[in-house]
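K.L.:
Please read through the structure below; I'll follow up with questions.
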Amino acid sequence: MSLFRSILPTALVFLGACGPTVTTDVSPEIPVPGGGTYAWGGEQIKPPREIKQGVVARSPAINAMVRKAIDAELQHKGYRLVDSTQAAFYVRYAVGSRVRIEKVTEISAISPGVAGCGEWGCWNGWDAGWYDASRKHVSSREAGIVVDLVDRASGKVAWRSVLRDDAPDKIPSEELVNSVVGKALKRLPSVKS
């Protein structure tokens, strides 16, 4: 049991540091990368109710960084920015955050000193296995980005990436925005030359 108690905190730290979660949805009906051309536009993404479009998400400076990072990543993958009448896809995105509150049970061993003595010696609370459990609320902020490639001809989403991660306590830098967008678009197929 003591091995379990010593490994558990290490495992929780490791799981907490696993990084972002990225999910992608691909339409089987629409080939991606298609013509490999895109334009900004299409209907705006409406985030779920629990996602808040806070000050950072509405900041023109942050939005400019996100748009620049998406352009750079798409062009790195061989996509070309063209006029909206010639684009195979419209690109759109949304950023947001939410506060997550979880109930956590904390278990700790209590050693009250000597618990008792007998014929073979004395023992304390550790030997008797006395524990105390308390529940508390832990809050954390989660942020994310959704990037869509929408087929211009049909108006259907051809490819979507959703990235979720713990939000930093500071305004994101350009390097962080570039890194997040790179991770979000990592699974997007490249245009073959």
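Identifiers for the structure tokens are assigned positionally: chains receive A, B, ... in sequence, residues are indexed from 1 per chain, and ligands are indexed from 1 in the order shown.
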Which residues are close to segment 30-37 of chain A, i.e. within 6 Å by only C-alpha atoms, leaving aside same-chain residues fewer than 6 positions away? Reply as a list in words.

P.N.:
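The filter keeps Tyr79, Arg80, Leu81, Ala87, Ala88, Ala158 and Val191 of chain A.
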
K.L.:
Please produce an output containing N, CA and C atoms for each residue in the selection, written as a tab-separated table (two decimals), in the first residue's frame.

P.N.:
chain	number	residue	atom	x	y	z
A	79	TYR	N	-1.13	25.19	-48.98
A	79	TYR	CA	-2.39	25.84	-49.35
A	79	TYR	C	-2.09	27.27	-49.80
A	80	ARG	N	-2.92	27.77	-50.73
A	80	ARG	CA	-2.74	29.13	-51.25
A	80	ARG	C	-3.95	29.99	-50.90
A	81	LEU	N	-3.68	31.19	-50.40
A	81	LEU	CA	-4.73	32.16	-50.11
A	81	LEU	C	-5.12	32.83	-51.42
A	87	ALA	N	-11.68	30.12	-54.23
A	87	ALA	CA	-11.21	29.24	-53.16
A	87	ALA	C	-11.99	27.92	-53.13
A	88	ALA	N	-11.28	26.85	-52.83
A	88	ALA	CA	-11.93	25.56	-52.61
A	88	ALA	C	-12.56	25.52	-51.22
A	158	ALA	N	-15.56	20.47	-44.15
A	158	ALA	CA	-14.77	19.39	-44.72
A	158	ALA	C	-13.77	18.85	-43.72
A	191	VAL	N	-0.87	19.81	-49.16
A	191	VAL	CA	-1.14	19.82	-50.61
A	191	VAL	C	0.08	19.21	-51.28

K.L.:
If we count only C-alpha atoms, what is near segment 74-78 of chain A at a cut-off of 10 Å, once residues fewer than 2 positions away on the same chain are taken out, given as a PyMOL selection string?

P.N.:
chain A and resi 33+36-38+68-72+80-81+91+182+185-186+188-193

K.L.:
Env of Asp169 of chain A: 12 Å cut, atoms = only C-alpha atoms, seq-sep filter 3 positions within chain, self excluded. Answer as JSON, numbers by chain.

P.N.:
{"A": [56, 97, 140, 141, 142, 143, 166, 172, 173]}

K.L.:
For each of A:Thr24, A:Asn178, A:Ser134, A:Ser84, take the minimum atom-to-atom distance to Gly42 of chain A, counting only C-alpha atoms, then give the residue where this is smallest.

P.N.:
A:Ser84

K.L.:
Please list as a count of residues only every residue within 10 Å of Thr23 of chain A, counting only C-alpha atoms and excluding residues in the same chain fewer than 4 positions away.

P.N.:
8

K.L.:
Figure out the distance between atom CA of Val138 of chain A and atom CA of Ile101 of chain A, please, to one decimal in Å.

P.N.:
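These atoms are spaced 5.6 Å apart.
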
K.L.:
Within 9 Å of Val177 of chain A, counting only C-alpha atoms, which residues show up once you throw out same-chain ones fewer than 6 positions away? Write them as a list of chain:residue names, please.

P.N.:
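Listed by chain and then number, they are A:Ile62, A:Met65, A:Val66, A:Ala69.
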
K.L.:
Report the distance between atom CA of Ile171 of chain A and atom CA of Glu73 of chain A in Å, rounded to one decimal place.

P.N.:
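Computing it gives 21.5 Å between the two atoms.
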